[in-house]
>>> print(open('target.txt').read())   # compact mmCIF, C-alpha atoms
# COMPACT_ATOMS: atom_id res chain seq x y z
CA MET A 1 0.00 0.00 0.00
CA PRO A 2 1.45 3.43 -0.90
CA ARG A 3 2.45 5.73 1.94
CA HIS A 4 0.75 8.65 0.17
CA THR A 5 -1.99 9.00 -2.41
CA GLY A 6 -1.35 12.48 -3.69
CA GLU A 7 1.21 15.21 -4.09
CA LEU A 8 0.57 18.91 -3.71
CA ALA A 9 3.04 21.63 -4.70
CA VAL A 10 3.27 24.22 -1.93
CA HIS A 11 5.30 27.33 -1.26
CA GLY A 12 5.45 30.17 1.23
CA HIS A 13 7.78 31.82 3.70
CA LEU A 14 9.57 30.74 6.84
CA ARG A 15 8.48 32.23 10.16
CA GLN A 16 10.06 32.03 13.59
CA HIS A 17 7.64 31.24 16.44
CA GLU A 18 8.57 30.30 20.00
CA GLY A 19 12.04 29.16 18.98
CA LYS A 20 10.79 27.02 16.10
CA THR A 21 10.96 27.65 12.34
CA LEU A 22 7.53 27.17 10.74
CA LEU A 23 6.63 26.95 7.04
CA VAL A 24 3.74 29.34 6.36
CA VAL A 25 1.91 28.35 3.17
CA ASN A 26 1.01 31.07 0.65
CA GLY A 27 -2.75 30.49 0.52
CA ARG A 28 -4.84 28.43 2.89
CA LEU A 29 -5.12 24.72 2.10
CA SER A 30 -8.79 23.80 2.07
CA GLY A 31 -10.36 20.37 1.93
CA ARG A 32 -7.44 18.80 3.79
CA ASP A 33 -7.34 17.47 7.31
CA THR A 34 -5.64 19.70 9.82
CA PHE A 35 -3.37 18.36 12.54
CA LEU A 36 -2.48 15.63 10.07
CA SER A 37 1.15 14.50 10.12
CA THR A 38 2.66 13.91 6.71
CA THR A 39 5.85 14.36 4.69
CA LEU A 40 7.17 17.40 2.84
CA ARG A 41 9.87 17.19 0.15
CA LEU A 42 11.55 20.54 0.59
CA GLU A 43 13.22 22.04 -2.51
CA GLN A 44 14.08 25.55 -1.33
CA PRO A 45 15.79 27.19 0.65
CA VAL A 46 17.51 23.86 1.35
CA ARG A 47 16.88 20.53 -0.32
CA VAL A 48 15.61 17.99 2.20
CA ARG A 49 14.17 14.76 0.85
CA LYS A 50 11.80 14.05 3.74
CA VAL A 51 10.63 16.49 6.37
CA ALA A 52 7.99 15.18 8.76
CA VAL A 53 5.44 17.99 9.25
CA ARG A 54 2.08 18.57 10.87
CA ILE A 55 -0.49 20.47 8.80
CA LEU A 56 -2.13 23.22 10.85
CA THR A 57 -4.97 24.98 9.02
CA PHE A 58 -6.63 27.93 10.69
CA ASP A 59 -9.30 30.37 9.48
CA ASP A 60 -7.04 32.21 7.06
CA VAL A 61 -3.68 30.44 6.97
CA THR A 62 -2.06 27.01 6.76
CA VAL A 63 1.21 26.36 8.54
CA LEU A 64 3.45 23.31 8.21
CA SER A 65 5.15 22.62 11.51
CA PRO A 66 8.25 20.40 11.23
CA LEU A 67 8.14 17.59 13.79
CA ASP A 68 11.95 17.67 14.06
CA PRO A 69 14.08 20.80 13.76
CA VAL A 70 15.50 20.76 10.23
CA LEU A 71 15.68 24.45 9.34
CA PRO A 72 18.08 26.90 10.94
CA GLN A 73 16.35 29.76 12.78
CA GLU A 74 18.32 32.43 10.90
CA ARG A 75 16.41 31.50 7.72
CA ALA A 76 13.15 33.03 9.00
CA GLY A 77 11.59 35.31 6.38
CA GLU A 78 13.03 33.38 3.42
CA GLU A 79 10.81 31.88 0.73
CA TRP A 80 10.43 28.10 0.58
CA SER A 81 8.90 25.61 -1.86
CA GLY A 82 8.31 21.91 -1.90
CA THR A 83 5.88 19.05 -2.41
CA LEU A 84 3.50 17.89 0.28
CA LEU A 85 2.89 14.13 0.20
CA ILE A 86 -0.75 13.68 1.14
CA PRO A 87 -1.60 10.33 2.79
CA HIS A 88 -5.18 10.45 1.50
CA GLY A 89 -7.31 12.54 -0.80
CA ALA A 90 -9.15 15.71 0.09
CA ARG A 91 -11.78 15.15 2.71
CA PRO A 92 -15.29 15.43 1.32
CA PRO A 93 -17.37 18.36 2.57
CA VAL A 94 -19.90 17.38 5.25
CA ILE A 95 -23.49 18.28 4.35
CA PRO A 96 -25.29 19.65 7.45
CA GLU A 97 -28.36 17.76 8.61
CA ASP A 98 -30.85 20.56 7.84
CA LEU A 99 -29.62 20.91 4.25
CA ALA A 100 -29.41 17.12 3.77
CA GLN A 101 -33.00 16.68 4.98
CA ALA A 102 -34.38 19.48 2.78
CA ALA A 103 -32.47 18.13 -0.23
CA ALA A 104 -33.72 14.58 0.37
CA GLU A 105 -37.31 15.78 0.68
CA ALA A 106 -36.96 17.62 -2.65
CA GLY A 107 -35.25 14.68 -4.35
CA VAL A 108 -31.91 16.49 -4.68
CA ASP A 109 -28.90 14.15 -4.57
CA THR A 110 -26.18 15.91 -2.54
CA GLY A 111 -23.83 13.04 -3.36
CA SER A 112 -23.73 14.19 -6.98
CA TRP A 113 -22.22 17.56 -6.04
CA SER A 114 -18.56 17.99 -6.84
CA PRO A 115 -16.36 18.82 -3.81
CA ALA A 116 -15.84 22.34 -5.16
CA GLU A 117 -19.58 22.86 -5.70
CA ALA A 118 -20.37 21.52 -2.22
CA ARG A 119 -17.75 23.80 -0.59
CA HIS A 120 -19.21 26.80 -2.45
CA LEU A 121 -22.77 25.99 -1.38
CA LEU A 122 -21.74 25.24 2.20
CA THR A 123 -19.84 28.53 2.44
CA PHE A 124 -22.93 30.37 1.18
CA LEU A 125 -25.03 28.56 3.78
CA SER A 126 -22.55 29.06 6.65
CA GLU A 127 -22.55 32.82 6.12
CA ALA A 128 -26.24 33.06 7.01
CA GLY A 129 -26.51 35.35 10.03
CA SER A 130 -29.78 34.05 11.47
CA ALA A 131 -31.95 30.94 11.44
CA SER A 132 -34.46 32.57 9.09
CA VAL A 133 -31.74 33.55 6.60
CA ARG A 134 -30.28 30.03 6.84
CA ALA A 135 -33.70 28.49 6.09
CA GLU A 136 -34.12 30.86 3.14
CA ARG A 137 -30.71 29.92 1.78
CA ILE A 138 -31.44 26.21 2.14
CA GLY A 139 -34.61 26.79 0.12
CA MET A 140 -32.64 28.66 -2.54
CA ILE A 141 -30.03 25.89 -2.81
CA VAL A 142 -32.63 23.12 -3.04
CA LYS A 143 -34.71 25.05 -5.57
CA ALA A 144 -31.71 25.91 -7.76
CA LEU A 145 -30.43 22.35 -7.80
CA GLY A 146 -33.80 20.60 -7.88
CA GLY A 147 -34.20 20.97 -11.64
CA ARG A 148 -30.85 19.43 -12.53
CA SER A 149 -30.81 16.00 -14.05
>>> encode(input="target.txt", output="structure tokens")
Amino acid sequence: MPRHTGELAVHGHLRQHEGKTLLVVNGRLSGRDTFLSTTLRLEQPVRVRKVAVRILTFDDVTVLSPLDPVLPQERAGEEWSGTLLIPHGARPPVIPEDLAQAAAEAGVDTGSWSPAEARHLLTFLSEAGSASVRAERIGMIVKALGGRS
């Protein structure tokens, strides 16, 4: 069985935090598990074949935290690039119960949504400020997708 199922080119800058050099990714990684330990093939600023890292994704940033110190602290601020070896594919978006129930009642198959489409719709739904706006948005989603074949 392969140790990883996918590769993802990543780049960013090095940042010093609490005596540790972290790899801050340019752009947040979405659809990936956070706190996942995996391997990074680092190309720049130094070539390291295997760096064990933990993926930490927050609201607006993803940071790769090396599990062992491999980068000198004086390199903070430098650009880096490499390939993240992903042990499994992107995690599928989770359809909330209220949307799943409304979709099922209307005969809309949420399983046919692409991951990108589901993330877009779920973001739209999650930005609803109140229960009434959320219910309205669920209705809009179901109605818009109800006519698809």
>>> residues_around(input="target.txt", residues="Gly27 in chain A", least_positions_apart="6", cutoff="12 Å", atoms="all atoms listed in the file", output="VMD selection string")
chain A and resid 9 to 13 57 to 63
>>> atom_distance(input="target.txt", atom1="CA of Ala106 in chain A", atom2="CA of Ala144 in chain A")
11.1 Å
>>> atom_distance(input="target.txt", atom1="CA of Ser112 in chain A", atom2="CA of Gly139 in chain A")
18.1 Å
>>> closest_residue(input="target.txt", among="A:Glu127, A:Leu99, A:Arg119, A:Ser30", to="Ile141 in chain A", atoms="only C-alpha atoms")
A:Leu99
>>> residues_around(input="target.txt", residues="Thr123 in chain A", least_positions_apart="6", cutoff="12 Å", atoms="all atoms listed in the file", output="JSON, numbers by chain")
{"A": [93, 94, 95, 96, 116, 117, 134, 137, 138, 141]}
>>> atom_distance(input="target.txt", atom1="CA of Ala128 in chain A", atom2="CA of Asn26 in chain A")
28.1 Å
>>> residues_around(input="target.txt", residues="Leu36 in chain A", least_positions_apart="5", cutoff="9 Å", atoms="all atoms listed in the file", output="ChimeraX atom specification")
/A:53-56
>>> build_atoms(input="target.txt", residues="range 54-77 of chain A", atoms="N, CA, C and O atoms", output="PDB file, keeping the file's coordinate frame")
ATOM      1  N   ARG A  54       3.501  18.612  10.486  1.00  0.00           N
ATOM      2  CA  ARG A  54       2.080  18.570  10.870  1.00  0.00           C
ATOM      3  C   ARG A  54       1.407  19.715  10.149  1.00  0.00           C
ATOM      4  O   ARG A  54       1.898  20.845  10.157  1.00  0.00           O
ATOM      5  N   ILE A  55       0.274  19.442   9.500  1.00  0.00           N
ATOM      6  CA  ILE A  55      -0.490  20.470   8.800  1.00  0.00           C
ATOM      7  C   ILE A  55      -1.421  21.142   9.811  1.00  0.00           C
ATOM      8  O   ILE A  55      -2.235  20.472  10.447  1.00  0.00           O
ATOM      9  N   LEU A  56      -1.282  22.445   9.940  1.00  0.00           N
ATOM     10  CA  LEU A  56      -2.130  23.220  10.850  1.00  0.00           C
ATOM     11  C   LEU A  56      -2.876  24.251  10.015  1.00  0.00           C
ATOM     12  O   LEU A  56      -2.285  25.221   9.546  1.00  0.00           O
ATOM     13  N   THR A  57      -4.172  24.051   9.813  1.00  0.00           N
ATOM     14  CA  THR A  57      -4.970  24.980   9.020  1.00  0.00           C
ATOM     15  C   THR A  57      -5.905  25.727   9.950  1.00  0.00           C
ATOM     16  O   THR A  57      -6.668  25.127  10.693  1.00  0.00           O
ATOM     17  N   PHE A  58      -5.798  27.054   9.879  1.00  0.00           N
ATOM     18  CA  PHE A  58      -6.630  27.930  10.690  1.00  0.00           C
ATOM     19  C   PHE A  58      -7.594  28.670   9.765  1.00  0.00           C
ATOM     20  O   PHE A  58      -7.682  28.347   8.585  1.00  0.00           O
ATOM     21  N   ASP A  59      -8.307  29.657  10.275  1.00  0.00           N
ATOM     22  CA  ASP A  59      -9.300  30.370   9.480  1.00  0.00           C
ATOM     23  C   ASP A  59      -8.740  30.933   8.181  1.00  0.00           C
ATOM     24  O   ASP A  59      -9.379  30.864   7.145  1.00  0.00           O
ATOM     25  N   ASP A  60      -7.549  31.513   8.237  1.00  0.00           N
ATOM     26  CA  ASP A  60      -7.040  32.210   7.060  1.00  0.00           C
ATOM     27  C   ASP A  60      -5.632  31.807   6.650  1.00  0.00           C
ATOM     28  O   ASP A  60      -5.060  32.407   5.737  1.00  0.00           O
ATOM     29  N   VAL A  61      -5.068  30.796   7.276  1.00  0.00           N
ATOM     30  CA  VAL A  61      -3.680  30.440   6.970  1.00  0.00           C
ATOM     31  C   VAL A  61      -3.447  28.953   7.252  1.00  0.00           C
ATOM     32  O   VAL A  61      -4.086  28.371   8.111  1.00  0.00           O
ATOM     33  N   THR A  62      -2.528  28.373   6.482  1.00  0.00           N
ATOM     34  CA  THR A  62      -2.060  27.010   6.760  1.00  0.00           C
ATOM     35  C   THR A  62      -0.579  27.091   7.067  1.00  0.00           C
ATOM     36  O   THR A  62       0.177  27.767   6.371  1.00  0.00           O
ATOM     37  N   VAL A  63      -0.181  26.400   8.111  1.00  0.00           N
ATOM     38  CA  VAL A  63       1.210  26.360   8.540  1.00  0.00           C
ATOM     39  C   VAL A  63       1.650  24.905   8.588  1.00  0.00           C
ATOM     40  O   VAL A  63       0.905  24.036   9.042  1.00  0.00           O
ATOM     41  N   LEU A  64       2.845  24.638   8.080  1.00  0.00           N
ATOM     42  CA  LEU A  64       3.450  23.310   8.210  1.00  0.00           C
ATOM     43  C   LEU A  64       4.469  23.405   9.331  1.00  0.00           C
ATOM     44  O   LEU A  64       5.403  24.198   9.265  1.00  0.00           O
ATOM     45  N   SER A  65       4.268  22.605  10.347  1.00  0.00           N
ATOM     46  CA  SER A  65       5.150  22.620  11.510  1.00  0.00           C
ATOM     47  C   SER A  65       6.043  21.379  11.473  1.00  0.00           C
ATOM     48  O   SER A  65       5.549  20.257  11.630  1.00  0.00           O
ATOM     49  N   PRO A  66       7.354  21.555  11.240  1.00  0.00           N
ATOM     50  CA  PRO A  66       8.250  20.400  11.230  1.00  0.00           C
ATOM     51  C   PRO A  66       8.222  19.681  12.581  1.00  0.00           C
ATOM     52  O   PRO A  66       8.236  20.323  13.636  1.00  0.00           O
ATOM     53  N   LEU A  67       8.157  18.360  12.551  1.00  0.00           N
ATOM     54  CA  LEU A  67       8.140  17.590  13.790  1.00  0.00           C
ATOM     55  C   LEU A  67       9.527  17.485  14.404  1.00  0.00           C
ATOM     56  O   LEU A  67       9.665  17.268  15.596  1.00  0.00           O
ATOM     57  N   ASP A  68      10.564  17.630  13.596  1.00  0.00           N
ATOM     58  CA  ASP A  68      11.950  17.670  14.060  1.00  0.00           C
ATOM     59  C   ASP A  68      12.571  18.945  13.520  1.00  0.00           C
ATOM     60  O   ASP A  68      12.268  19.354  12.388  1.00  0.00           O
ATOM     61  N   PRO A  69      13.450  19.576  14.281  1.00  0.00           N
ATOM     62  CA  PRO A  69      14.080  20.800  13.760  1.00  0.00           C
ATOM     63  C   PRO A  69      15.004  20.475  12.586  1.00  0.00           C
ATOM     64  O   PRO A  69      15.947  19.709  12.725  1.00  0.00           O
ATOM     65  N   VAL A  70      14.677  21.006  11.417  1.00  0.00           N
ATOM     66  CA  VAL A  70      15.500  20.760  10.230  1.00  0.00           C
ATOM     67  C   VAL A  70      15.966  22.051   9.581  1.00  0.00           C
ATOM     68  O   VAL A  70      16.859  22.028   8.752  1.00  0.00           O
ATOM     69  N   LEU A  71      15.349  23.174   9.956  1.00  0.00           N
ATOM     70  CA  LEU A  71      15.680  24.450   9.340  1.00  0.00           C
ATOM     71  C   LEU A  71      16.329  25.374  10.368  1.00  0.00           C
ATOM     72  O   LEU A  71      15.797  25.541  11.464  1.00  0.00           O
ATOM     73  N   PRO A  72      17.447  25.973  10.006  1.00  0.00           N
ATOM     74  CA  PRO A  72      18.080  26.900  10.940  1.00  0.00           C
ATOM     75  C   PRO A  72      17.209  28.126  11.190  1.00  0.00           C
ATOM     76  O   PRO A  72      16.527  28.603  10.284  1.00  0.00           O
ATOM     77  N   GLN A  73      17.206  28.637  12.414  1.00  0.00           N
ATOM     78  CA  GLN A  73      16.350  29.760  12.780  1.00  0.00           C
ATOM     79  C   GLN A  73      16.697  31.027  12.008  1.00  0.00           C
ATOM     80  O   GLN A  73      15.830  31.846  11.755  1.00  0.00           O
ATOM     81  N   GLU A  74      17.943  31.199  11.604  1.00  0.00           N
ATOM     82  CA  GLU A  74      18.320  32.430  10.900  1.00  0.00           C
ATOM     83  C   GLU A  74      17.716  32.514   9.503  1.00  0.00           C
ATOM     84  O   GLU A  74      17.831  33.510   8.826  1.00  0.00           O
ATOM     85  N   ARG A  75      17.039  31.479   9.041  1.00  0.00           N
ATOM     86  CA  ARG A  75      16.410  31.500   7.720  1.00  0.00           C
ATOM     87  C   ARG A  75      15.009  32.080   7.752  1.00  0.00           C
ATOM     88  O   ARG A  75      14.347  32.167   6.725  1.00  0.00           O
ATOM     89  N   ALA A  76      14.502  32.463   8.897  1.00  0.00           N
ATOM     90  CA  ALA A  76      13.150  33.030   9.000  1.00  0.00           C
ATOM     91  C   ALA A  76      13.015  34.202   8.034  1.00  0.00           C
ATOM     92  O   ALA A  76      13.929  35.005   7.882  1.00  0.00           O
ATOM     93  N   GLY A  77      11.865  34.276   7.362  1.00  0.00           N
ATOM     94  CA  GLY A  77      11.590  35.310   6.380  1.00  0.00           C
ATOM     95  C   GLY A  77      11.889  34.886   4.956  1.00  0.00           C
ATOM     96  O   GLY A  77      11.371  35.481   4.013  1.00  0.00           O
TER      97      GLY A  77
END
